[in-house]
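A.B. asks: One structure follows; several queries about it will come next.
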Amino acid sequence: MFWTKTVVIGDGERGLVYRNRQLQRVIGPGEYRWFDPRGRLDVVVHAIAQGEYTGRDVETLVARLGERLGEHFVLADLGTAEAGLVLKNGKLEDVLAPGTRKLYWRGLVGIAIDRVHLGDSLEVAPEVVRRLRQLGMLAKLAVVVDVPVESTGLVFVDGKLARTLEPGAYAFWNFSRNVSAEVVDLRVQAVEVSGQELLTRDKVSLRVNLSANVRVTDAVAARTKVAKASEHVYRELQFGLRKAVSTKTLDELLADKAALDGEIFASVRGKVGGFGIEVLGVGVKDVILPGDMKEILNSVVQAEKAAQANVIRRREEANATRSLLNTAKLIEESPVLMRLKELEALEKVTEKVDKLTVFGGLDGVLKQLVTLK
């Protein structure tokens, strides 16, 4: 009829009936007719496949429906210290921030709201982490921390250290509180101090390269007691190197670099130990001298080696002369030994003679060439 209003609601829809712009009821699937000669009736049709009510009059619906609200809607009304996990047909599909107030349609999709209290522990449950990662929402809602082996994680909430983390994967809700995390490496690390211009006790300028092995033993102390642990260790190595070199002459420095390593190690170890850092070893890699100083040292070394060679040569000459004198005395005392020496000399001479003509036999040769007195 002309004054009749007809509305058809499908299976995936719900209708809100308003008369004179005031909510009257919620209608489900079916065909409806109203006598409305003045056109004061209005029906707003909503699709409920997504579950969430998208209208702007949530508060009006809550107030007007009162106790009947639960027949058609699921109300998510969260406090300021809790988050909401929206489950659709038993699967996590969304996360509601603290203080959120939303409506979800009942019927087509099974909707449930799990409340998560955001107390002292803001850690996200592992199964929730996996689901949020699948949905691509984890980075937006939580602070993700991956702590590798031989490392320690530190979690700060509102600027205060909240807890330490063992190796593993973690996530923390980032609602209404400032959550940050850091990973501290506990492995042995090398610190290089290169090109340090220093003066020895005898005012010789040189450059020294130093290497040290360090590791963090207390992650909390290394993070909270000093601003940047690596820079602090570097500065202490510089100061320790400068102090040790300034107390030694160039000769002492070049003669015993191990003693220099020990002094630097003892000095630095005591100063960084209170900050949760352990120095495992210190070693001077290079001692670089200026060009003119190198030439002077080379000249000194050459002179020393030449003097040592001259001493050795004189000593060997004296030993050789003493040996000759002893041989002469033995020959003088023994005619037979003298004859043997003559025969050795004759043998050496004959080695260089191509042809030798002998008259009178071997006896004649011995008598004529070698005379034994």
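Every chain in the structure tokens takes a letter, A first, then B, and so on in the order presented; its residues are numbered from 1, and the ligands are numbered from 1 following the presented order.
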What are the nearest atom pairs, with distances in Å to one decimal, for all residues of range 47-104 of chain A that come at most 8 Å from range 115-121 of chain A, using only C-alpha atoms, set out by chain and rising residue number as a Markdown table?

C.D. replies:
```
| residue | atom | partner | partner_atom | distance |
| --- | --- | --- | --- | --- |
| A:Leu78 | CA | A:Arg115 | CA | 7.7 |
| A:Ala81 | CA | A:Leu118 | CA | 5.3 |
| A:Glu82 | CA | A:His117 | CA | 4.4 |
| A:Ala83 | CA | A:Val116 | CA | 5.1 |
| A:Gly84 | CA | A:Arg115 | CA | 4.7 |
| A:Leu85 | CA | A:Arg115 | CA | 6.4 |
```

A.B. asks: Env of Gln24 in chain A: 12 Å cut, atoms = only C-alpha atoms, seq-sep filter 2 positions within chain, self excluded. Answer as a list in words.

C.D. replies: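 These residues fall inside the cut-off: Gly15, Leu16, Val17, Tyr18, Arg19, Asn20, Arg21, Gln22, Val26, Ile27, Leu41, Asp42, Val43, Val44, Thr60, Leu61, Arg64, Leu65 and Arg68 of chain A.
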
A.B. asks: Taking the DSSP assignment computed from this structure's backbone, write out as a ChimeraX atom specification all residues of range 167-206 of chain A that belong to strand (DSSP E or B).

C.D. replies: /A:168-173,179-185,189-199,205-206

A.B. asks: Using only N, CA and C atoms, please write the residues we just selected to a file, as an mmCIF file, in the first residue's frame.

C.D. replies:
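Contents of selection.cif, as written:
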```
data_model
loop_
_atom_site.group_PDB
_atom_site.id
_atom_site.type_symbol
_atom_site.label_atom_id
_atom_site.label_comp_id
_atom_site.auth_asym_id
_atom_site.auth_seq_id
_atom_site.Cartn_x
_atom_site.Cartn_y
_atom_site.Cartn_z
ATOM 1 N N GLY A 168 66.568 -15.787 23.473
ATOM 2 C CA GLY A 168 65.244 -16.192 23.019
ATOM 3 C C GLY A 168 64.546 -15.033 22.328
ATOM 4 N N ALA A 169 63.281 -15.239 21.963
ATOM 5 C CA ALA A 169 62.467 -14.211 21.291
ATOM 6 C C ALA A 169 61.375 -13.742 22.252
ATOM 7 N N TYR A 170 61.192 -12.424 22.337
ATOM 8 C CA TYR A 170 60.228 -11.838 23.271
ATOM 9 C C TYR A 170 59.480 -10.698 22.574
ATOM 10 N N ALA A 171 58.315 -10.370 23.132
ATOM 11 C CA ALA A 171 57.537 -9.207 22.686
ATOM 12 C C ALA A 171 56.833 -8.608 23.899
ATOM 13 N N PHE A 172 56.731 -7.276 23.916
ATOM 14 C CA PHE A 172 56.123 -6.571 25.058
ATOM 15 C C PHE A 172 55.134 -5.547 24.523
ATOM 16 N N TRP A 173 53.938 -5.538 25.139
ATOM 17 C CA TRP A 173 52.905 -4.578 24.729
ATOM 18 C C TRP A 173 53.420 -3.155 24.868
ATOM 19 N N VAL A 179 58.069 1.497 26.350
ATOM 20 C CA VAL A 179 58.846 0.261 26.492
ATOM 21 C C VAL A 179 59.988 0.273 25.477
ATOM 22 N N SER A 180 61.190 0.000 25.964
ATOM 23 C CA SER A 180 62.358 -0.102 25.079
ATOM 24 C C SER A 180 63.203 -1.288 25.530
ATOM 25 N N ALA A 181 64.001 -1.798 24.623
ATOM 26 C CA ALA A 181 64.823 -2.972 24.931
ATOM 27 C C ALA A 181 66.177 -2.839 24.251
ATOM 28 N N GLU A 182 67.192 -3.392 24.899
ATOM 29 C CA GLU A 182 68.544 -3.406 24.351
ATOM 30 C C GLU A 182 69.125 -4.801 24.523
ATOM 31 N N VAL A 183 70.017 -5.157 23.599
ATOM 32 C CA VAL A 183 70.706 -6.444 23.655
ATOM 33 C C VAL A 183 72.187 -6.175 23.906
ATOM 34 N N VAL A 184 72.737 -6.798 24.944
ATOM 35 C CA VAL A 184 74.150 -6.630 25.312
ATOM 36 C C VAL A 184 74.898 -7.904 24.938
ATOM 37 N N ASP A 185 75.936 -7.742 24.122
ATOM 38 C CA ASP A 185 76.736 -8.880 23.659
ATOM 39 C C ASP A 185 77.715 -9.284 24.759
ATOM 40 N N GLN A 189 85.339 -9.352 22.820
ATOM 41 C CA GLN A 189 85.466 -8.370 21.754
ATOM 42 C C GLN A 189 86.852 -7.741 21.790
ATOM 43 N N ALA A 190 87.338 -7.378 20.611
ATOM 44 C CA ALA A 190 88.649 -6.741 20.484
ATOM 45 C C ALA A 190 88.482 -5.221 20.421
ATOM 46 N N VAL A 191 89.332 -4.533 21.170
ATOM 47 C CA VAL A 191 89.358 -3.067 21.159
ATOM 48 C C VAL A 191 90.726 -2.632 20.642
ATOM 49 N N GLU A 192 90.729 -1.863 19.566
ATOM 50 C CA GLU A 192 91.975 -1.409 18.953
ATOM 51 C C GLU A 192 92.205 0.065 19.277
ATOM 52 N N VAL A 193 93.401 0.369 19.795
ATOM 53 C CA VAL A 193 93.816 1.751 20.057
ATOM 54 C C VAL A 193 95.002 2.027 19.143
ATOM 55 N N SER A 194 94.772 2.793 18.093
ATOM 56 C CA SER A 194 95.779 2.941 17.034
ATOM 57 C C SER A 194 96.307 4.368 16.957
ATOM 58 N N GLY A 195 97.592 4.463 16.556
ATOM 59 C CA GLY A 195 98.201 5.747 16.228
ATOM 60 C C GLY A 195 98.306 6.722 17.381
ATOM 61 N N GLN A 196 98.625 6.247 18.590
ATOM 62 C CA GLN A 196 98.739 7.134 19.741
ATOM 63 C C GLN A 196 100.121 7.800 19.761
ATOM 64 N N GLU A 197 100.152 9.129 19.689
ATOM 65 C CA GLU A 197 101.403 9.889 19.744
ATOM 66 C C GLU A 197 101.815 10.067 21.207
ATOM 67 N N LEU A 198 102.968 9.501 21.581
ATOM 68 C CA LEU A 198 103.385 9.487 22.974
ATOM 69 C C LEU A 198 104.830 9.927 23.114
ATOM 70 N N LEU A 199 105.208 10.348 24.347
ATOM 71 C CA LEU A 199 106.582 10.716 24.681
ATOM 72 C C LEU A 199 107.100 9.779 25.768
ATOM 73 N N SER A 205 109.716 10.901 20.856
ATOM 74 C CA SER A 205 108.349 10.840 20.344
ATOM 75 C C SER A 205 108.177 9.565 19.515
ATOM 76 N N LEU A 206 107.075 8.880 19.750
ATOM 77 C CA LEU A 206 106.791 7.666 18.995
ATOM 78 C C LEU A 206 105.283 7.440 18.923
#
```

A.B. asks: Could you pull out the residues in range 88-213 of chain A that DSSP calls alpha helix (DSSP H) from the backbone, as a PyMOL selection string?

C.D. replies: chain A and resi 126-135+138-141

A.B. asks: Using only C-alpha atoms, which residue out of A:Ser176, A:Thr4, A:Thr152, A:Ser267 lies closest to Ala222 in chain A?

C.D. replies: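 Among the listed residues, A:Thr152 lies closest to Ala222 in chain A.
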
A.B. asks: Work out how far apart CA of Arg235 in chain A and CA of Thr247 in chain A are and give it in Å to one decimal.

C.D. replies: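 About the pair CA of Arg235 in chain A and CA of Thr247 in chain A: they are 19.0 Å apart.
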
A.B. asks: So that I can check the surroundings of Leu135 in chain A, please list as a PDB file with N, CA and C atoms, in the first residue's frame every protein, DNA and RNA residue that reaches within 12 Å of it, counting only C-alpha atoms and ignoring chain neighbours fewer than 6 positions away.

C.D. replies:
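Written file, out04.pdb:
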```
ATOM      1  N   LYS A  91      39.743 -17.660  16.559  1.00  0.00           N
ATOM      2  CA  LYS A  91      41.046 -17.232  16.049  1.00  0.00           C
ATOM      3  C   LYS A  91      41.254 -15.745  16.312  1.00  0.00           C
ATOM      4  N   LEU A  92      42.456 -15.423  16.750  1.00  0.00           N
ATOM      5  CA  LEU A  92      42.782 -14.023  17.024  1.00  0.00           C
ATOM      6  C   LEU A  92      42.795 -13.236  15.716  1.00  0.00           C
ATOM      7  N   GLU A  93      42.033 -12.137  15.690  1.00  0.00           N
ATOM      8  CA  GLU A  93      41.948 -11.324  14.483  1.00  0.00           C
ATOM      9  C   GLU A  93      42.313  -9.870  14.719  1.00  0.00           C
ATOM     10  N   ASP A  94      42.267  -9.404  15.958  1.00  0.00           N
ATOM     11  CA  ASP A  94      42.530  -7.985  16.206  1.00  0.00           C
ATOM     12  C   ASP A  94      42.898  -7.796  17.673  1.00  0.00           C
ATOM     13  N   VAL A  95      43.526  -6.660  17.957  1.00  0.00           N
ATOM     14  CA  VAL A  95      43.892  -6.295  19.320  1.00  0.00           C
ATOM     15  C   VAL A  95      43.360  -4.898  19.577  1.00  0.00           C
ATOM     16  N   VAL A 128      50.174 -15.720  21.214  1.00  0.00           N
ATOM     17  CA  VAL A 128      49.664 -14.457  20.679  1.00  0.00           C
ATOM     18  C   VAL A 128      50.711 -13.827  19.756  1.00  0.00           C
ATOM     19  N   VAL A 129      51.980 -13.933  20.124  1.00  0.00           N
ATOM     20  CA  VAL A 129      53.061 -13.403  19.283  1.00  0.00           C
ATOM     21  C   VAL A 129      53.040 -14.065  17.909  1.00  0.00           C
ATOM     22  N   LEU A 141      52.082  -3.178  17.469  1.00  0.00           N
ATOM     23  CA  LEU A 141      51.468  -3.246  18.794  1.00  0.00           C
ATOM     24  C   LEU A 141      52.447  -3.540  19.916  1.00  0.00           C
TER      25      LEU A 141
END
```

A.B. asks: Tell me which protein, DNA and RNA residues are within 9 Å of range 34-36 of chain A, counting only C-alpha atoms, leaving out same-chain ones fewer than 6 positions away, and put them as a list in words.

C.D. replies: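 Listed by chain and then number, they are Met1, Trp3, Thr4, Lys5, Thr6 and Val7 of chain A.
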
A.B. asks: Closest to Arg33 in chain A among A:Ile312, A:Val8, A:Leu254, A:Leu324, using only C-alpha atoms?

C.D. replies: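 That would be A:Val8, the residue with the smallest distance to Arg33 in chain A.
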
A.B. asks: Counting only C-alpha atoms, what is within 10 Å of Tyr234 in chain A, bar same-chain residues fewer than 3 positions away, as a list in words?

C.D. replies: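 The filter keeps Val191, Glu192, Val193, Ala212, Ala229, Ser230, Glu231, Leu237, Gln238, Phe239, Gly240 and Val268 of chain A.
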
A.B. asks: Restricted to N, CA and C atoms, what would the selected residues look like written as an mmCIF file, in the first residue's frame?

C.D. replies:
```cif
data_model
loop_
_atom_site.group_PDB
_atom_site.id
_atom_site.type_symbol
_atom_site.label_atom_id
_atom_site.label_comp_id
_atom_site.auth_asym_id
_atom_site.auth_seq_id
_atom_site.Cartn_x
_atom_site.Cartn_y
_atom_site.Cartn_z
ATOM 1 N N VAL A 191 89.332 -4.533 21.170
ATOM 2 C CA VAL A 191 89.358 -3.067 21.159
ATOM 3 C C VAL A 191 90.726 -2.632 20.642
ATOM 4 N N GLU A 192 90.729 -1.863 19.566
ATOM 5 C CA GLU A 192 91.975 -1.409 18.953
ATOM 6 C C GLU A 192 92.205 0.065 19.277
ATOM 7 N N VAL A 193 93.401 0.369 19.795
ATOM 8 C CA VAL A 193 93.816 1.751 20.057
ATOM 9 C C VAL A 193 95.002 2.027 19.143
ATOM 10 N N ALA A 212 93.395 -4.913 22.754
ATOM 11 C CA ALA A 212 92.943 -5.510 24.016
ATOM 12 C C ALA A 212 91.715 -6.374 23.748
ATOM 13 N N ALA A 229 79.825 1.843 27.315
ATOM 14 C CA ALA A 229 80.886 0.994 27.868
ATOM 15 C C ALA A 229 82.084 0.890 26.933
ATOM 16 N N SER A 230 81.860 0.750 25.653
ATOM 17 C CA SER A 230 82.972 0.590 24.710
ATOM 18 C C SER A 230 83.859 1.834 24.670
ATOM 19 N N GLU A 231 83.237 3.016 24.694
ATOM 20 C CA GLU A 231 84.023 4.246 24.686
ATOM 21 C C GLU A 231 84.802 4.407 25.990
ATOM 22 N N LEU A 237 92.099 2.575 28.136
ATOM 23 C CA LEU A 237 93.270 2.001 27.470
ATOM 24 C C LEU A 237 94.218 3.100 27.005
ATOM 25 N N GLN A 238 93.661 4.172 26.507
ATOM 26 C CA GLN A 238 94.499 5.309 26.110
ATOM 27 C C GLN A 238 95.274 5.855 27.305
ATOM 28 N N PHE A 239 94.562 6.105 28.402
ATOM 29 C CA PHE A 239 95.214 6.679 29.584
ATOM 30 C C PHE A 239 96.270 5.717 30.145
ATOM 31 N N GLY A 240 95.932 4.425 30.216
ATOM 32 C CA GLY A 240 96.884 3.451 30.731
ATOM 33 C C GLY A 240 98.125 3.351 29.863
ATOM 34 N N VAL A 268 94.221 -0.812 33.628
ATOM 35 C CA VAL A 268 92.887 -0.748 33.024
ATOM 36 C C VAL A 268 91.923 -1.712 33.704
#
```

A.B. asks: Could you jot down the CA of Lys203 in chain A to CA of Gly283 in chain A separation for me, Å, one decimal place?

C.D. replies: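 A separation of 22.7 Å between them.
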
A.B. asks: Show me, as a list in words, the residues that have an atom within 10 Å of Asn174 in chain A when counting only C-alpha atoms, minus same-chain residues fewer than 6 positions from it.

C.D. replies: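 Residues near the query, excluding close chain neighbours: Ala97, Leu118, Leu122, Glu123, Ala139, Lys140, Leu141, Ala142, Val143, Val144, Val157 and Ser180 of chain A.
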
A.B. asks: Could you give me, as a ChimeraX atom specification, the residues within 10 Å of His72 in chain A, counting only C-alpha atoms and dropping anything in the same chain fewer than 5 positions from it?

C.D. replies: /A:14,26-28,65,103-107

A.B. asks: Provide the CA of Phe275 in chain A to CA of Arg223 in chain A distance in Å, to one decimal place.

C.D. replies: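 Interatomic distance here is 8.4 Å.
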